[in-house]
Amino acid sequence: MTNIEIRTDFIQLDQFLKLAGAVPSGGMVKELLSGGGILRNGKPETARRRKLVSGDVVAVDGIGVYRVVRI
């Protein structure tokens with residue numbers, strides 16, 4: 001699991017995945033979501049702009065697992 005640091009209270013899922021380097025674009029996030037390839041805290045995620053907060057864990061199928069950490 002890779003910790004990804006943010007400086008705000010929350011971050012949108014698509015922005016977070018780009019920050020983590022898991023996806024190159026928002027379009028790829030949309031594709032992964034429609035195919036059930038993203039889990040948030042162990043549950044399938046469907047909203048590209050879901051607000052993530054410190055402690056949330058995002059798993060991207062075949063790419064990696066990332067935790068939101070507020071600094």
# chains A, B, ... in the order shown; residues from 1 in each chain; ligands from 1

$ select_by_dssp --residues "chain A" --states "strand (DSSP E)" --output "ChimeraX atom specification"
/A:2-6,10-12,38-40,43-44,51-53,57-60,64-70

$ write_last_selection --atoms "N, CA and C atoms" --output "PDB file, in the first residue's frame"
ATOM      1  N   THR A   2       0.525   2.181  -0.838  1.00  0.00           N
ATOM      2  CA  THR A   2       1.278   3.424  -0.965  1.00  0.00           C
ATOM      3  C   THR A   2       0.479   4.566  -0.351  1.00  0.00           C
ATOM      4  N   ASN A   3       1.112   5.306   0.557  1.00  0.00           N
ATOM      5  CA  ASN A   3       0.471   6.488   1.127  1.00  0.00           C
ATOM      6  C   ASN A   3       0.636   7.663   0.170  1.00  0.00           C
ATOM      7  N   ILE A   4      -0.480   8.362  -0.100  1.00  0.00           N
ATOM      8  CA  ILE A   4      -0.462   9.546  -0.948  1.00  0.00           C
ATOM      9  C   ILE A   4      -0.891  10.726  -0.086  1.00  0.00           C
ATOM     10  N   GLU A   5      -0.017  11.704   0.038  1.00  0.00           N
ATOM     11  CA  GLU A   5      -0.275  12.841   0.917  1.00  0.00           C
ATOM     12  C   GLU A   5      -1.073  13.931   0.215  1.00  0.00           C
ATOM     13  N   ILE A   6      -2.033  14.482   0.961  1.00  0.00           N
ATOM     14  CA  ILE A   6      -2.789  15.644   0.488  1.00  0.00           C
ATOM     15  C   ILE A   6      -2.698  16.725   1.551  1.00  0.00           C
ATOM     16  N   PHE A  10     -10.099  17.138   1.768  1.00  0.00           N
ATOM     17  CA  PHE A  10     -10.532  16.045   0.898  1.00  0.00           C
ATOM     18  C   PHE A  10      -9.938  16.229  -0.490  1.00  0.00           C
ATOM     19  N   ILE A  11     -10.076  15.178  -1.302  1.00  0.00           N
ATOM     20  CA  ILE A  11      -9.653  15.220  -2.702  1.00  0.00           C
ATOM     21  C   ILE A  11     -10.610  14.336  -3.497  1.00  0.00           C
ATOM     22  N   GLN A  12     -10.917  14.744  -4.708  1.00  0.00           N
ATOM     23  CA  GLN A  12     -11.804  13.946  -5.548  1.00  0.00           C
ATOM     24  C   GLN A  12     -11.062  12.701  -6.033  1.00  0.00           C
ATOM     25  N   ILE A  38     -12.349  -0.246  -9.452  1.00  0.00           N
ATOM     26  CA  ILE A  38     -11.885   0.595  -8.345  1.00  0.00           C
ATOM     27  C   ILE A  38     -12.708   0.297  -7.099  1.00  0.00           C
ATOM     28  N   LEU A  39     -11.998   0.015  -6.007  1.00  0.00           N
ATOM     29  CA  LEU A  39     -12.648  -0.183  -4.714  1.00  0.00           C
ATOM     30  C   LEU A  39     -12.236   0.947  -3.789  1.00  0.00           C
ATOM     31  N   ARG A  40     -13.190   1.438  -3.009  1.00  0.00           N
ATOM     32  CA  ARG A  40     -12.897   2.440  -1.976  1.00  0.00           C
ATOM     33  C   ARG A  40     -13.273   1.828  -0.652  1.00  0.00           C
ATOM     34  N   LYS A  43     -15.129  -1.496  -0.973  1.00  0.00           N
ATOM     35  CA  LYS A  43     -16.420  -1.559  -1.667  1.00  0.00           C
ATOM     36  C   LYS A  43     -16.288  -0.949  -3.058  1.00  0.00           C
ATOM     37  N   PRO A  44     -17.000  -1.518  -4.055  1.00  0.00           N
ATOM     38  CA  PRO A  44     -16.918  -0.964  -5.411  1.00  0.00           C
ATOM     39  C   PRO A  44     -17.333   0.508  -5.447  1.00  0.00           C
ATOM     40  N   LYS A  51     -15.600  12.295  -2.974  1.00  0.00           N
ATOM     41  CA  LYS A  51     -14.647  12.984  -2.112  1.00  0.00           C
ATOM     42  C   LYS A  51     -13.980  11.969  -1.183  1.00  0.00           C
ATOM     43  N   LEU A  52     -12.661  11.930  -1.235  1.00  0.00           N
ATOM     44  CA  LEU A  52     -11.882  11.061  -0.372  1.00  0.00           C
ATOM     45  C   LEU A  52     -11.311  11.883   0.767  1.00  0.00           C
ATOM     46  N   VAL A  53     -11.249  11.276   1.942  1.00  0.00           N
ATOM     47  CA  VAL A  53     -10.684  11.939   3.118  1.00  0.00           C
ATOM     48  C   VAL A  53      -9.551  11.090   3.659  1.00  0.00           C
ATOM     49  N   VAL A  57      -8.918   4.172   1.667  1.00  0.00           N
ATOM     50  CA  VAL A  57      -8.026   3.301   0.913  1.00  0.00           C
ATOM     51  C   VAL A  57      -8.673   3.015  -0.436  1.00  0.00           C
ATOM     52  N   VAL A  58      -7.923   3.238  -1.501  1.00  0.00           N
ATOM     53  CA  VAL A  58      -8.422   3.039  -2.856  1.00  0.00           C
ATOM     54  C   VAL A  58      -7.576   1.953  -3.525  1.00  0.00           C
ATOM     55  N   ALA A  59      -8.244   0.910  -4.006  1.00  0.00           N
ATOM     56  CA  ALA A  59      -7.568  -0.174  -4.729  1.00  0.00           C
ATOM     57  C   ALA A  59      -7.964  -0.094  -6.195  1.00  0.00           C
ATOM     58  N   VAL A  60      -6.969  -0.079  -7.061  1.00  0.00           N
ATOM     59  CA  VAL A  60      -7.199  -0.024  -8.499  1.00  0.00           C
ATOM     60  C   VAL A  60      -6.745  -1.371  -9.067  1.00  0.00           C
ATOM     61  N   GLY A  64      -2.623  -0.954  -8.209  1.00  0.00           N
ATOM     62  CA  GLY A  64      -2.085  -0.777  -6.866  1.00  0.00           C
ATOM     63  C   GLY A  64      -3.137  -0.379  -5.849  1.00  0.00           C
ATOM     64  N   VAL A  65      -2.668  -0.231  -4.610  1.00  0.00           N
ATOM     65  CA  VAL A  65      -3.518   0.162  -3.489  1.00  0.00           C
ATOM     66  C   VAL A  65      -2.914   1.409  -2.872  1.00  0.00           C
ATOM     67  N   TYR A  66      -3.771   2.406  -2.638  1.00  0.00           N
ATOM     68  CA  TYR A  66      -3.318   3.717  -2.175  1.00  0.00           C
ATOM     69  C   TYR A  66      -4.146   4.184  -0.982  1.00  0.00           C
ATOM     70  N   ARG A  67      -3.482   4.826  -0.017  1.00  0.00           N
ATOM     71  CA  ARG A  67      -4.171   5.376   1.145  1.00  0.00           C
ATOM     72  C   ARG A  67      -4.019   6.895   1.146  1.00  0.00           C
ATOM     73  N   VAL A  68      -5.126   7.590   1.421  1.00  0.00           N
ATOM     74  CA  VAL A  68      -5.120   9.045   1.520  1.00  0.00           C
ATOM     75  C   VAL A  68      -4.583   9.422   2.899  1.00  0.00           C
ATOM     76  N   VAL A  69      -3.567  10.285   2.917  1.00  0.00           N
ATOM     77  CA  VAL A  69      -2.978  10.746   4.168  1.00  0.00           C
ATOM     78  C   VAL A  69      -2.923  12.262   4.131  1.00  0.00           C
ATOM     79  N   ARG A  70      -3.585  12.900   5.086  1.00  0.00           N
ATOM     80  CA  ARG A  70      -3.563  14.372   5.150  1.00  0.00           C
ATOM     81  C   ARG A  70      -2.368  14.812   5.974  1.00  0.00           C
TER      82      ARG A  70
END

$ closest_residue --among "A:Gly27, A:Leu32, A:Leu13, A:Gly21" --to "Arg48 in chain A" --atoms "only C-alpha atoms"
A:Leu13

$ atom_distance --atom1 "CA of Ser54 in chain A" --atom2 "CA of Phe16 in chain A"
11.6 Å

$ residues_around --residues "Ser34 in chain A" --least-positions-apart "4" --cutoff "10 Å" --atoms "only C-alpha atoms" --output "list in words"
Met28, Val29, Lys30, Ile38, Glu45, Thr46, Ala47 and Arg48 of chain A

$ write_last_selection --atoms "C-alpha atoms" --output "PDB file, in the first residue's frame"
ATOM      1  CA  MET A  28      -9.184   6.075 -17.711  1.00  0.00           C
ATOM      2  CA  VAL A  29     -10.801   6.586 -14.304  1.00  0.00           C
ATOM      3  CA  LYS A  30     -14.210   6.537 -15.987  1.00  0.00           C
ATOM      4  CA  ILE A  38     -11.885   0.595  -8.345  1.00  0.00           C
ATOM      5  CA  GLU A  45     -16.833   2.726  -6.300  1.00  0.00           C
ATOM      6  CA  THR A  46     -18.978   4.257  -9.043  1.00  0.00           C
ATOM      7  CA  ALA A  47     -18.518   8.035  -8.638  1.00  0.00           C
ATOM      8  CA  ARG A  48     -15.522   9.615 -10.378  1.00  0.00           C
TER       9      ARG A  48
END

$ atom_distance --atom1 "CA of Gly36 in chain A" --atom2 "CA of Ala22 in chain A"
15.5 Å

$ select_by_dssp --residues "chain A" --states "alpha helix (DSSP H)" --output "list in words"
Leu13, Asp14, Gln15, Phe16, Leu17, Lys18, Leu19, Ala20, Gly26, Gly27, Met28, Val29, Lys30, Glu31, Leu32, Leu33 and Ser34 of chain A

$ write_last_selection --atoms "N, CA and C atoms" --output "PDB file, in the first residue's frame"
ATOM      1  N   LEU A  13     -11.802  11.623  -6.205  1.00  0.00           N
ATOM      2  CA  LEU A  13     -11.208  10.349  -6.611  1.00  0.00           C
ATOM      3  C   LEU A  13     -10.368  10.465  -7.879  1.00  0.00           C
ATOM      4  N   ASP A  14     -10.894  11.103  -8.914  1.00  0.00           N
ATOM      5  CA  ASP A  14     -10.142  11.191 -10.167  1.00  0.00           C
ATOM      6  C   ASP A  14      -8.846  11.981  -9.989  1.00  0.00           C
ATOM      7  N   GLN A  15      -8.896  13.057  -9.219  1.00  0.00           N
ATOM      8  CA  GLN A  15      -7.691  13.846  -8.954  1.00  0.00           C
ATOM      9  C   GLN A  15      -6.683  13.043  -8.137  1.00  0.00           C
ATOM     10  N   PHE A  16      -7.193  12.281  -7.177  1.00  0.00           N
ATOM     11  CA  PHE A  16      -6.334  11.466  -6.321  1.00  0.00           C
ATOM     12  C   PHE A  16      -5.580  10.422  -7.137  1.00  0.00           C
ATOM     13  N   LEU A  17      -6.276   9.750  -8.041  1.00  0.00           N
ATOM     14  CA  LEU A  17      -5.637   8.704  -8.830  1.00  0.00           C
ATOM     15  C   LEU A  17      -4.603   9.281  -9.791  1.00  0.00           C
ATOM     16  N   LYS A  18      -4.844  10.481 -10.291  1.00  0.00           N
ATOM     17  CA  LYS A  18      -3.839  11.140 -11.133  1.00  0.00           C
ATOM     18  C   LYS A  18      -2.634  11.551 -10.276  1.00  0.00           C
ATOM     19  N   LEU A  19      -2.881  12.079  -9.082  1.00  0.00           N
ATOM     20  CA  LEU A  19      -1.804  12.460  -8.172  1.00  0.00           C
ATOM     21  C   LEU A  19      -0.944  11.246  -7.807  1.00  0.00           C
ATOM     22  N   ALA A  20      -1.581  10.103  -7.590  1.00  0.00           N
ATOM     23  CA  ALA A  20      -0.878   8.881  -7.219  1.00  0.00           C
ATOM     24  C   ALA A  20      -0.102   8.280  -8.386  1.00  0.00           C
ATOM     25  N   GLY A  26      -8.394  11.404 -16.632  1.00  0.00           N
ATOM     26  CA  GLY A  26      -9.717  11.185 -16.065  1.00  0.00           C
ATOM     27  C   GLY A  26     -10.527  10.185 -16.867  1.00  0.00           C
ATOM     28  N   GLY A  27     -10.260  10.098 -18.166  1.00  0.00           N
ATOM     29  CA  GLY A  27     -10.971   9.145 -19.009  1.00  0.00           C
ATOM     30  C   GLY A  27     -10.723   7.710 -18.592  1.00  0.00           C
ATOM     31  N   MET A  28      -9.503   7.427 -18.171  1.00  0.00           N
ATOM     32  CA  MET A  28      -9.184   6.075 -17.711  1.00  0.00           C
ATOM     33  C   MET A  28      -9.906   5.763 -16.404  1.00  0.00           C
ATOM     34  N   VAL A  29     -10.054   6.769 -15.552  1.00  0.00           N
ATOM     35  CA  VAL A  29     -10.801   6.586 -14.304  1.00  0.00           C
ATOM     36  C   VAL A  29     -12.228   6.173 -14.632  1.00  0.00           C
ATOM     37  N   LYS A  30     -12.835   6.842 -15.592  1.00  0.00           N
ATOM     38  CA  LYS A  30     -14.210   6.537 -15.987  1.00  0.00           C
ATOM     39  C   LYS A  30     -14.329   5.089 -16.464  1.00  0.00           C
ATOM     40  N   GLU A  31     -13.369   4.645 -17.267  1.00  0.00           N
ATOM     41  CA  GLU A  31     -13.373   3.268 -17.755  1.00  0.00           C
ATOM     42  C   GLU A  31     -13.244   2.267 -16.609  1.00  0.00           C
ATOM     43  N   LEU A  32     -12.322   2.530 -15.693  1.00  0.00           N
ATOM     44  CA  LEU A  32     -12.125   1.636 -14.553  1.00  0.00           C
ATOM     45  C   LEU A  32     -13.377   1.564 -13.682  1.00  0.00           C
ATOM     46  N   LEU A  33     -14.015   2.704 -13.464  1.00  0.00           N
ATOM     47  CA  LEU A  33     -15.234   2.730 -12.647  1.00  0.00           C
ATOM     48  C   LEU A  33     -16.346   1.918 -13.295  1.00  0.00           C
ATOM     49  N   SER A  34     -16.515   2.074 -14.600  1.00  0.00           N
ATOM     50  CA  SER A  34     -17.604   1.367 -15.275  1.00  0.00           C
ATOM     51  C   SER A  34     -17.376  -0.140 -15.287  1.00  0.00           C
TER      52      SER A  34
END
